[in-house]
$ cat my_file_7.csv   # CSV, C-alpha atoms
chain,number,residue,atom,x,y,z
A,1,MET,CA,-55.5,-46.5,-10.4
A,2,ALA,CA,-58.8,-48.3,-10.6
A,3,LEU,CA,-57.7,-50.1,-13.8
A,4,ALA,CA,-54.7,-51.4,-12.0
A,5,LEU,CA,-56.8,-52.7,-9.1
A,6,VAL,CA,-59.1,-54.5,-11.5
A,7,ALA,CA,-56.3,-55.8,-13.7
A,8,ALA,CA,-54.7,-57.4,-10.6
A,9,ALA,CA,-57.8,-59.0,-9.4
A,10,CYS,CA,-58.3,-62.8,-9.9
A,11,GLY,CA,-60.0,-65.7,-8.3
A,12,PRO,CA,-63.7,-66.5,-7.4
A,13,THR,CA,-64.4,-63.4,-5.3
A,14,ALA,CA,-62.1,-61.1,-7.3
A,15,LYS,CA,-65.0,-59.5,-9.2
A,16,GLN,CA,-66.6,-58.2,-6.0
A,17,ARG,CA,-63.3,-57.2,-4.6
A,18,ALA,CA,-62.5,-55.3,-7.8
A,19,ILE,CA,-65.8,-53.4,-7.7
A,20,ASN,CA,-65.2,-52.7,-4.0
A,21,ALA,CA,-61.7,-51.4,-4.6
A,22,ALA,CA,-62.8,-49.3,-7.6
A,23,LEU,CA,-65.7,-47.8,-5.6
A,24,THR,CA,-63.4,-47.0,-2.7
A,25,ALA,CA,-60.8,-45.3,-4.9
A,26,THR,CA,-63.6,-43.3,-6.6
A,27,ASN,CA,-65.0,-42.3,-3.2
A,28,ALA,CA,-61.5,-41.2,-2.1
A,29,ALA,CA,-61.3,-39.0,-5.2
A,30,ARG,CA,-64.8,-37.8,-4.6
A,31,ASP,CA,-64.0,-36.7,-1.0
A,32,GLY,CA,-60.9,-34.9,-2.2
A,33,PHE,CA,-62.9,-33.3,-5.0
A,34,ILE,CA,-65.6,-32.0,-2.5
A,35,SER,CA,-63.0,-30.6,-0.2
A,36,TRP,CA,-61.0,-29.0,-3.0
A,37,ASP,CA,-64.1,-27.6,-4.6
A,38,ASP,CA,-65.1,-25.8,-1.4
A,39,GLN,CA,-61.6,-24.4,-0.8
A,40,HIS,CA,-61.3,-23.3,-4.5
A,41,GLN,CA,-64.7,-21.5,-4.6
A,42,GLN,CA,-64.0,-19.9,-1.2
A,43,SER,CA,-60.6,-18.7,-2.4
A,44,ILE,CA,-62.3,-17.0,-5.3
A,45,VAL,CA,-64.8,-15.3,-3.0
A,46,ASP,CA,-62.1,-14.2,-0.6
A,47,GLY,CA,-59.8,-13.1,-3.3
A,48,PRO,CA,-59.4,-9.8,-5.1
A,49,GLY,CA,-62.0,-8.3,-7.5
A,50,THR,CA,-65.5,-6.9,-7.5
A,51,ALA,CA,-68.6,-8.9,-6.7
A,52,ASP,CA,-69.4,-9.1,-10.4
A,53,GLU,CA,-65.9,-10.3,-11.3
A,54,LYS,CA,-66.0,-12.9,-8.5
A,55,THR,CA,-69.4,-14.1,-9.7
A,56,ALA,CA,-68.1,-14.4,-13.2
A,57,LYS,CA,-65.1,-16.4,-12.0
A,58,ILE,CA,-67.3,-18.7,-10.0
A,59,ALA,CA,-69.6,-19.3,-13.0
A,60,ASP,CA,-66.5,-20.0,-15.2
A,61,TYR,CA,-65.2,-22.5,-12.7
A,62,ARG,CA,-68.5,-24.3,-12.3
A,63,ALA,CA,-68.8,-24.6,-16.1
A,64,LYS,CA,-65.4,-26.3,-16.1
A,65,ARG,CA,-66.3,-28.4,-13.1
A,66,GLU,CA,-69.5,-29.7,-14.8
A,67,LYS,CA,-67.4,-31.9,-17.1
A,68,VAL,CA,-65.7,-33.5,-14.1
A,69,VAL,CA,-69.0,-34.0,-12.3
A,70,GLN,CA,-70.5,-35.7,-15.3
A,71,ALA,CA,-67.5,-38.0,-15.5
A,72,PHE,CA,-68.1,-39.0,-11.8
A,73,VAL,CA,-71.8,-39.6,-12.6
A,74,VAL,CA,-70.8,-41.8,-15.5
A,75,ALA,CA,-68.3,-43.6,-13.2
A,76,TYR,CA,-70.8,-44.2,-10.4
A,77,SER,CA,-73.5,-45.3,-12.9
A,78,ALA,CA,-71.0,-47.8,-14.4
A,79,LEU,CA,-70.1,-49.0,-10.9
A,80,ALA,CA,-73.7,-49.5,-10.0
A,81,ALA,CA,-74.2,-51.5,-13.2
A,82,ALA,CA,-71.2,-53.6,-12.4
A,83,ALA,CA,-72.4,-54.2,-8.9
A,84,ALA,CA,-75.8,-55.4,-10.2
A,85,ASP,CA,-74.4,-57.4,-13.1
A,86,GLN,CA,-70.9,-58.6,-12.2
A,87,THR,CA,-69.5,-59.5,-15.6
A,88,VAL,CA,-65.9,-58.8,-16.5
A,89,MET,CA,-67.1,-56.5,-19.2
A,90,LYS,CA,-69.1,-54.3,-16.8
A,91,ILE,CA,-66.3,-54.2,-14.3
A,92,ALA,CA,-63.8,-53.2,-16.9
A,93,GLU,CA,-66.1,-50.5,-18.2
A,94,ALA,CA,-66.6,-49.2,-14.6
A,95,ALA,CA,-62.9,-49.2,-14.0
A,96,LYS,CA,-62.3,-47.2,-17.2
A,97,ALA,CA,-65.0,-44.7,-16.3
A,98,CYS,CA,-63.5,-44.3,-12.8
A,99,GLN,CA,-60.1,-43.7,-14.3
A,100,THR,CA,-61.5,-41.1,-16.7
A,101,ALA,CA,-63.2,-39.3,-13.8
A,102,TYR,CA,-59.9,-39.4,-11.9
A,103,GLU,CA,-57.9,-38.0,-14.8
A,104,LEU,CA,-60.4,-35.2,-15.5
A,105,LEU,CA,-60.4,-34.3,-11.8
A,106,LYS,CA,-56.6,-34.3,-11.7
A,107,ALA,CA,-56.5,-32.1,-14.9
A,108,MET,CA,-58.9,-29.6,-13.4
A,109,MET,CA,-57.1,-29.4,-10.1
A,110,GLU,CA,-53.5,-29.3,-11.2
A,111,PRO,CA,-53.6,-25.9,-13.1
A,112,ALA,CA,-55.1,-24.3,-10.0
A,113,ALA,CA,-52.2,-25.5,-7.9
A,114,THR,CA,-49.7,-23.9,-10.1
A,115,ALA,CA,-51.8,-21.0,-11.4
A,116,ALA,CA,-50.3,-17.8,-12.7
A,117,PRO,CA,-46.6,-18.0,-11.9
A,118,PRO,CA,-45.2,-14.6,-12.7
A,119,PRO,CA,-42.8,-14.7,-15.6
A,120,PRO,CA,-39.1,-13.9,-14.8
A,121,ALA,CA,-38.2,-10.3,-15.5
A,122,SER,CA,-35.4,-11.2,-17.8
A,123,ALA,CA,-37.3,-13.8,-19.9
A,124,PRO,CA,-38.3,-12.8,-23.4
A,125,PRO,CA,-42.0,-12.3,-24.0
A,126,PRO,CA,-43.7,-15.6,-25.0
A,127,ALA,CA,-44.7,-15.8,-28.7
A,128,SER,CA,-48.3,-16.8,-28.8
A,129,ALA,CA,-47.9,-19.4,-26.1
A,130,PRO,CA,-51.1,-21.0,-24.9
A,131,ALA,CA,-52.5,-19.7,-21.6
A,132,SER,CA,-52.5,-23.1,-20.1
A,133,ALA,CA,-51.8,-26.6,-21.0
A,134,PRO,CA,-54.8,-28.4,-22.4
A,135,ALA,CA,-56.5,-30.7,-20.0
A,136,ALA,CA,-55.9,-34.4,-20.5
A,137,THR,CA,-58.7,-36.0,-22.4
A,138,PRO,CA,-58.6,-39.7,-21.9
A,139,ASN,CA,-60.4,-41.6,-24.7
A,140,GLY,CA,-63.7,-42.9,-23.6
A,141,GLY,CA,-63.3,-45.9,-25.9
B,1,MET,CA,-56.7,-44.0,16.8
B,2,PHE,CA,-56.4,-45.7,13.4
B,3,ASP,CA,-55.2,-49.3,13.9
B,4,ALA,CA,-53.3,-50.1,10.7
B,5,GLN,CA,-52.1,-53.4,12.0
B,6,LYS,CA,-55.6,-54.6,12.8
B,7,LEU,CA,-56.8,-53.5,9.4
B,8,LEU,CA,-54.0,-55.3,7.6
B,9,ALA,CA,-54.6,-58.5,9.6
B,10,GLU,CA,-58.2,-58.5,8.6
B,11,ASN,CA,-57.8,-58.0,4.9
B,12,ASP,CA,-56.2,-59.6,2.0
B,13,PRO,CA,-52.8,-58.0,2.1
B,14,LYS,CA,-52.4,-57.9,-1.6
B,15,ASP,CA,-55.6,-56.0,-2.3
B,16,LEU,CA,-55.2,-53.7,0.7
B,17,ALA,CA,-51.6,-52.8,-0.3
B,18,LYS,CA,-52.9,-51.9,-3.8
B,19,LEU,CA,-55.6,-49.8,-2.3
B,20,VAL,CA,-53.3,-48.0,0.0
B,21,LEU,CA,-50.8,-47.3,-2.8
B,22,GLY,CA,-53.7,-46.0,-4.9
B,23,VAL,CA,-54.9,-43.6,-2.3
B,24,LEU,CA,-51.4,-42.5,-1.4
B,25,SER,CA,-50.8,-41.9,-5.1
B,26,TRP,CA,-53.9,-39.7,-5.1
B,27,ILE,CA,-52.6,-37.7,-2.1
B,28,GLY,CA,-49.2,-37.2,-3.8
B,29,ASN,CA,-50.7,-36.4,-7.2
B,30,ILE,CA,-53.7,-34.3,-6.2
B,31,ALA,CA,-54.3,-33.5,-2.6
B,32,LEU,CA,-50.9,-32.0,-1.7
B,33,PRO,CA,-50.1,-30.2,-4.9
B,34,ALA,CA,-53.6,-28.7,-5.1
B,35,THR,CA,-53.8,-27.5,-1.5
B,36,GLY,CA,-50.1,-26.9,-0.7
B,37,SER,CA,-48.1,-29.0,1.7
B,38,SER,CA,-49.8,-27.4,4.8
B,39,ALA,CA,-50.5,-29.4,7.9
B,40,MET,CA,-54.3,-29.0,7.2
B,41,ALA,CA,-53.8,-30.5,3.7
B,42,VAL,CA,-51.9,-33.5,5.2
B,43,ILE,CA,-54.6,-34.0,7.8
B,44,THR,CA,-57.4,-33.8,5.2
B,45,ALA,CA,-55.5,-36.4,3.1
B,46,ILE,CA,-55.0,-38.7,6.0
B,47,LYS,CA,-58.8,-38.4,6.8
B,48,VAL,CA,-59.5,-39.4,3.2
B,49,VAL,CA,-57.2,-42.4,3.5
B,50,ILE,CA,-58.8,-43.6,6.8
B,51,SER,CA,-62.4,-43.2,5.5
B,52,SER,CA,-61.4,-45.0,2.3
B,53,LEU,CA,-59.9,-47.9,4.2
B,54,LEU,CA,-63.0,-48.2,6.4
B,55,ASP,CA,-65.2,-48.1,3.3
B,56,TYR,CA,-63.2,-50.9,1.8
B,57,GLN,CA,-64.1,-53.1,4.7
B,58,LYS,CA,-67.8,-52.8,4.2
B,59,GLY,CA,-68.0,-55.9,2.1
B,60,THR,CA,-70.3,-56.5,-0.8
B,61,VAL,CA,-71.1,-53.5,-2.9
B,62,THR,CA,-74.7,-53.0,-4.1
B,63,ALA,CA,-76.0,-50.7,-6.8
B,64,GLU,CA,-78.0,-48.8,-4.1
B,65,GLN,CA,-74.8,-48.1,-2.2
B,66,VAL,CA,-73.1,-46.8,-5.3
B,67,GLU,CA,-76.0,-44.5,-6.0
B,68,ARG,CA,-75.9,-43.2,-2.4
B,69,ASP,CA,-72.1,-42.5,-2.8
B,70,MET,CA,-72.9,-40.6,-6.0
B,71,ALA,CA,-75.6,-38.6,-4.3
B,72,LYS,CA,-73.1,-37.6,-1.6
B,73,LEU,CA,-71.0,-35.9,-4.3
B,74,LEU,CA,-73.9,-34.1,-5.9
B,75,ASP,CA,-75.4,-33.0,-2.5
B,76,ALA,CA,-72.0,-31.8,-1.3
B,77,LEU,CA,-71.4,-29.7,-4.4
B,78,LYS,CA,-74.9,-28.3,-4.3
B,79,SER,CA,-74.4,-27.4,-0.6
B,80,THR,CA,-71.1,-25.6,-1.4
B,81,ASP,CA,-72.6,-23.8,-4.3
B,82,GLU,CA,-75.5,-22.5,-2.2
B,83,LYS,CA,-73.0,-21.3,0.5
B,84,ILE,CA,-70.9,-19.5,-2.1
B,85,ASP,CA,-73.9,-18.0,-3.9
B,86,ALA,CA,-75.1,-16.6,-0.6
B,87,GLN,CA,-71.7,-15.0,0.0
B,88,LEU,CA,-71.7,-13.5,-3.5
B,89,ARG,CA,-75.2,-12.1,-3.0
B,90,LYS,CA,-74.0,-10.5,0.2
B,91,LEU,CA,-71.0,-9.1,-1.5
B,92,ALA,CA,-73.2,-7.6,-4.2
B,93,GLY,CA,-75.4,-6.1,-1.6
B,94,LYS,CA,-78.4,-8.1,-2.7
B,95,VAL,CA,-79.1,-9.4,0.8

$ encode --input "my_file_7.csv" --output "structure tokens"
Amino acid sequence: MALALVAAACGPTAKQRAINAALTATNAARDGFISWDDQHQQSIVDGPGTADEKTAKIADYRAKREKVVQAFVVAYSALAAAAADQTVMKIAEAAKACQTAYELLKAMMEPAATAAPPPPASAPPPASAPASAPAATPNGG
Amino acid sequence: MFDAQKLLAENDPKDLAKLVLGVLSWIGNIALPATGSSAMAVITAIKVVISSLLDYQKGTVTAEQVERDMAKLLDALKSTDEKIDAQLRKLAGKV
């Protein structure tokens, strides 16, 4: 998304507009992340299981979340660098970092939205099928 | 009330359209599938769009602004973690 915004930008003030658009898109993803994180953790606490099991689930989730948080930190740091030094290279790096953060966030959130669908009763047992699809891992380049 | 006409009149239509499409794409790809298509999810998504569009109008981005935006994420996650940890301690009978 951010890459598309940057790629489409042109003209004398395009750099600033590209940074602005990338930051806005990242902030939108951030706000959704914050809201979803709260709902997700709360759903674990309110869900079934003992206190120890819930604590373990929360710890597991936070460990997975850390990768996304770090991607956002990288994205914001790149945006700050681009804002300070508005070269095409810096802006492109920032856009790529924003895109990576967005993709990691999407990968983390999507399995939760479709988590644990019960297998149909008539279906044959899966033969060593993976528990879940691997998360998308965009290349950092 | 969110005045979309005014916002469009005051911005470069090309850039704004791209921004709106990007945010709408985010809603379609993440917000609604993640939270379910409940009314609350739609309201939350719309709030995100509006705040994003208002952010977009702020003008020149500075490194300090970006750092503040990043701090908002870290602070919000920390606040949620503390709230959840308190609930877990209560569940475990440690409070």

$ residues_near_point --input "my_file_7.csv" --point "(-63.6, -34.3, -18.8)" --cutoff "6 Å" --atoms "only C-alpha atoms" --output "list in words"
Lys67, Val68 and Leu104 of chain A

$ atom_distance --input "my_file_7.csv" --atom1 "atom CA of Arg89 of chain B" --atom2 "atom CA of Gln70 of chain A"
27.0 Å

$ atom_distance --input "my_file_7.csv" --atom1 "atom CA of Val69 of chain A" --atom2 "atom CA of Ser79 of chain B"
14.5 Å

$ closest_residue --input "my_file_7.csv" --among "A:Ala29, A:Ala78, A:Ala14, A:Ala92" --to "Val66 of chain B" --atoms "all atoms listed in the file"
A:Ala78

$ atom_distance --input "my_file_7.csv" --atom1 "atom CA of Asp75 of chain B" --atom2 "atom CA of Asp60 of chain A"
20.2 Å

$ closest_atom_pairs --input "my_file_7.csv" --of "chain A" --to "chain B" --cutoff "7 Å" --atoms "only C-alpha atoms" --output "CSV"
residue,atom,partner,partner_atom,distance
A:Met1,CA,B:Gly22,CA,5.8
A:Leu5,CA,B:Lys18,CA,6.6
A:Gln16,CA,B:Thr60,CA,6.6
A:Asn20,CA,B:Val61,CA,6.1
A:Ala21,CA,B:Tyr56,CA,6.6
A:Thr24,CA,B:Ser52,CA,5.7
A:Ala25,CA,B:Val23,CA,6.7
A:Ala28,CA,B:Ser52,CA,5.8
A:Arg30,CA,B:Leu73,CA,6.5
A:Asp31,CA,B:Val48,CA,6.7
A:Gly32,CA,B:Ala31,CA,6.8
A:Ile34,CA,B:Ala76,CA,6.5
A:Asp38,CA,B:Thr80,CA,6.0
A:Gln41,CA,B:Ile84,CA,7.0
A:Gln42,CA,B:Ile84,CA,7.0
A:Ala51,CA,B:Ala92,CA,5.4
A:Thr55,CA,B:Leu88,CA,6.6
A:Val73,CA,B:Met70,CA,6.8
A:Tyr76,CA,B:Met70,CA,6.1
A:Leu79,CA,B:Val66,CA,6.7
A:Ala80,CA,B:Ala63,CA,4.1
A:Ala81,CA,B:Ala63,CA,6.7
A:Ala83,CA,B:Ala63,CA,5.4
A:Ala84,CA,B:Ala63,CA,5.8
A:Lys106,CA,B:Ile30,CA,6.2
A:Met109,CA,B:Ala34,CA,6.1
A:Glu110,CA,B:Ala34,CA,6.1
A:Ala112,CA,B:Ala34,CA,6.8
A:Ala113,CA,B:Ala34,CA,4.5

$ closest_residue --input "my_file_7.csv" --among "A:Lys54, A:Arg62, A:Thr26, A:Trp36" --to "Ala95 of chain A" --atoms "only C-alpha atoms"
A:Thr26
